[in-house]
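Colleague: Okay, handing you the structure first.
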Amino acid sequence: MSQPSAPIGVFITPVTPLQQNCTTVWCTKTNKAAVIDPGGSADAILGEIARRGLTLEAIWITHGHLDHAGGAADMQEKTGVDIIGPQAEDQFWIDLIPTQGQKYGLPEARTFTPTRFLNDGDTLTLGETTWEVLHCPGHTPGHVIFFNREARFAQVGDVLFQGSIGRTDFPRSDHQALLTAITTKLWPLGDDVTFVPGHGSHSTFGAERRSNPFVSDQAMSRAPIARPASGPS
């Protein structure tokens, strides 16, 4: 018997000097695609979408930091698709994108107005696939993640990383809220879920529950350790 094809496809394009994992996902039955977190390099991403024969349907944003959202306006201008997300509490970060761009040497990064903000429990349709939206504040107040239950796949932005978690030394960050979001929103989705983070290598929720020094089951049974303020994430 032939194996059923995977319901979604995924390719990752590292963008900006911060090497953010811009993630393109698509429905394999319809080839309809969404770009998650186009921090930059819109032309390269759109070229790869065209090369694969995909049709871009939307831009999805996990949170308002410039390395995740600074290229959204450019991509929208070139394609006319909607920008969806993040949750409305991240509007102040979106407004700060040009200022942050000057600070980090990304003068082309621009602000934008989302077509639609997202809330916890929302669902998005891409072709014949359905994606669940979970609001996971802590790194930023309006951070969301995107979960495809059928494929056991999540794009989690800067909430969780292989062996680490998101920084919480930014304005309106909340370390305890981040730990709570990871353990009460992500872990119940299942140990078998593969996730792509905003930076670095993919992992599974199960692997992080076993070994992540910040949020493993063992770590959470002790007093939480504070996240050192370092790196782009």
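Lettering and numbering for the structure tokens are positional, with chains as A, B, ... in the shown order, residues counted from 1 in each chain, and ligands counted from 1 in the shown order.
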Given only C-alpha atoms, how would the per-residue table for region 93-198 of chain A near region 65-79 of chain A read, listing every residue at most 9 Å away with its closest atom pair and distance in Å to one decimal, sorted by chain and number, as CSV?
Modeller:
residue,atom,partner,partner_atom,distance
A:Trp93,CA,A:His65,CA,6.0
A:Ile94,CA,A:His65,CA,6.9
A:Leu96,CA,A:Leu66,CA,8.2
A:Ile97,CA,A:Leu66,CA,5.2
A:Pro98,CA,A:Gly70,CA,8.1
A:Gln100,CA,A:Leu66,CA,6.8
A:Gly101,CA,A:Leu66,CA,6.8
A:Leu106,CA,A:Gly70,CA,8.5
A:Glu108,CA,A:Gly70,CA,7.8
A:Ala109,CA,A:Gly70,CA,4.3
A:Arg110,CA,A:Gly70,CA,5.3
A:Thr111,CA,A:Gly70,CA,6.8
A:Phe112,CA,A:Ala73,CA,5.6
A:Thr113,CA,A:Ala73,CA,8.4
A:Thr140,CA,A:His65,CA,8.6
A:Gly157,CA,A:His68,CA,8.2
A:Gly198,CA,A:His68,CA,7.8
Colleague: Using backbone DSSP assignments, extract all helix (DSSP H, G or I) residues from region 44-183 of chain A; output them as number ranges by chain.
Modeller: A: 44-51, 66-69, 72-79, 88-95, 97-103, 175-183
Colleague: For each of A:Thr180, A:Thr194, A:Ser201, A:Asn148, take the minimum atom-to-atom distance to Gln162 (chain A), counting only C-alpha atoms, then give the residue where this is smallest.
Modeller: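 The closest residue to Gln162 (chain A) is A:Ser201.
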Colleague: Contacts of Ala223 (chain A) at 12 Å or less, counting only C-alpha atoms, minus same-chain residues fewer than 6 places along, as a ChimeraX atom specification?
Modeller: /A:176,179,213-215,217
Colleague: Name the residues of region 6-229 of chain A that come out as strand (DSSP E or B) in a backbone DSSP run; write them as number ranges by chain.
Modeller: A: 8-15, 20-27, 32-36, 55-60, 82-84, 116, 123-126, 129-135, 144-148, 153-157, 160-161, 164-165, 194-197, 199, 203-204
Colleague: So that I can check the surroundings of Glu132 (chain A), please list as a ChimeraX atom specification every protein, DNA and RNA residue that reaches within 10 Å of it, counting only C-alpha atoms and ignoring chain neighbours fewer than 4 positions away.
Modeller: /A:120-125,144-149,154
Colleague: Give me a file of those residues, with C-alpha atoms, as a tab-separated table (two decimals), in the first residue's frame.
Modeller:
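Output file again_18.tsv is given in full below:
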chain	number	residue	atom	x	y	z
A	120	ASP	CA	-6.52	32.54	21.31
A	121	GLY	CA	-8.73	29.84	19.83
A	122	ASP	CA	-8.98	31.33	16.34
A	123	THR	CA	-8.58	29.02	13.35
A	124	LEU	CA	-7.09	29.73	9.94
A	125	THR	CA	-7.82	27.80	6.75
A	144	VAL	CA	0.72	33.74	18.89
A	145	ILE	CA	1.72	30.33	17.55
A	146	PHE	CA	0.27	28.32	14.64
A	147	PHE	CA	-0.58	24.62	15.04
A	148	ASN	CA	-1.65	22.06	12.44
A	149	ARG	CA	-3.16	19.18	14.39
A	154	ALA	CA	3.68	23.96	15.07
Colleague: Listing only residues of region 69-150 of chain A within 6 Å of region 59-63 of chain A, what is the closest atom pair and its distance in Å (to one decimal) for each, using only C-alpha atoms, sorted by chain and residue number ascending, as CSV?
Modeller:
residue,atom,partner,partner_atom,distance
A:Ile83,CA,A:Ile59,CA,4.7
A:Ile84,CA,A:Trp60,CA,4.9
A:Gly85,CA,A:Ile61,CA,4.9
A:Pro86,CA,A:Ile61,CA,5.2
A:His143,CA,A:His63,CA,4.7
A:Val144,CA,A:Thr62,CA,4.9
A:Ile145,CA,A:Thr62,CA,5.9
Colleague: Could you take the residues named above and write them with N, CA and C atoms, as a CSV table (one decimal), in the first residue's frame?
Modeller:
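Saved to again-v9.csv:
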chain,number,residue,atom,x,y,z
A,83,ILE,N,-2.2,40.4,5.7
A,83,ILE,CA,-1.3,40.1,6.8
A,83,ILE,C,-2.2,39.8,8.0
A,84,ILE,N,-2.0,38.6,8.5
A,84,ILE,CA,-2.8,38.1,9.6
A,84,ILE,C,-2.0,37.9,10.8
A,85,GLY,N,-2.4,38.5,12.0
A,85,GLY,CA,-1.7,38.4,13.2
A,85,GLY,C,-0.7,39.5,13.4
A,86,PRO,N,-0.1,39.6,14.5
A,86,PRO,CA,-0.3,38.8,15.7
A,86,PRO,C,-1.5,39.2,16.5
A,143,HIS,N,2.1,37.6,21.4
A,143,HIS,CA,2.7,36.5,20.6
A,143,HIS,C,1.6,35.4,20.4
A,144,VAL,N,1.6,34.9,19.2
A,144,VAL,CA,0.7,33.7,18.9
A,144,VAL,C,1.6,32.7,18.2
A,145,ILE,N,1.1,31.4,18.3
A,145,ILE,CA,1.7,30.3,17.6
A,145,ILE,C,0.7,29.7,16.6
Colleague: Tell me which of A:Gln91, A:Thr168, A:Ser216, A:Gln155 sits closest to Asn21 (chain A), counting only C-alpha atoms.
Modeller: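 Of the candidates, the smallest distance to Asn21 (chain A) is held by A:Gln155.
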Colleague: How many Å separate CA of Trp187 (chain A) from CA of Asn31 (chain A)?
Modeller: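 We find that CA of Trp187 (chain A) and CA of Asn31 (chain A) lie 29.7 Å from each other.
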Colleague: Counting only C-alpha atoms, which of A:Pro7, A:Gly80, A:Pro141, A:Pro17 gets nearest to Asp158 (chain A)?
Modeller: A:Pro141
Colleague: So the first atom is CA of Ser41 (chain A) and the second is CA of Trp131 (chain A); what is the distance between them in Å, to one decimal place?
Modeller: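 Going from CA of Ser41 (chain A) over to CA of Trp131 (chain A) covers 24.7 Å.
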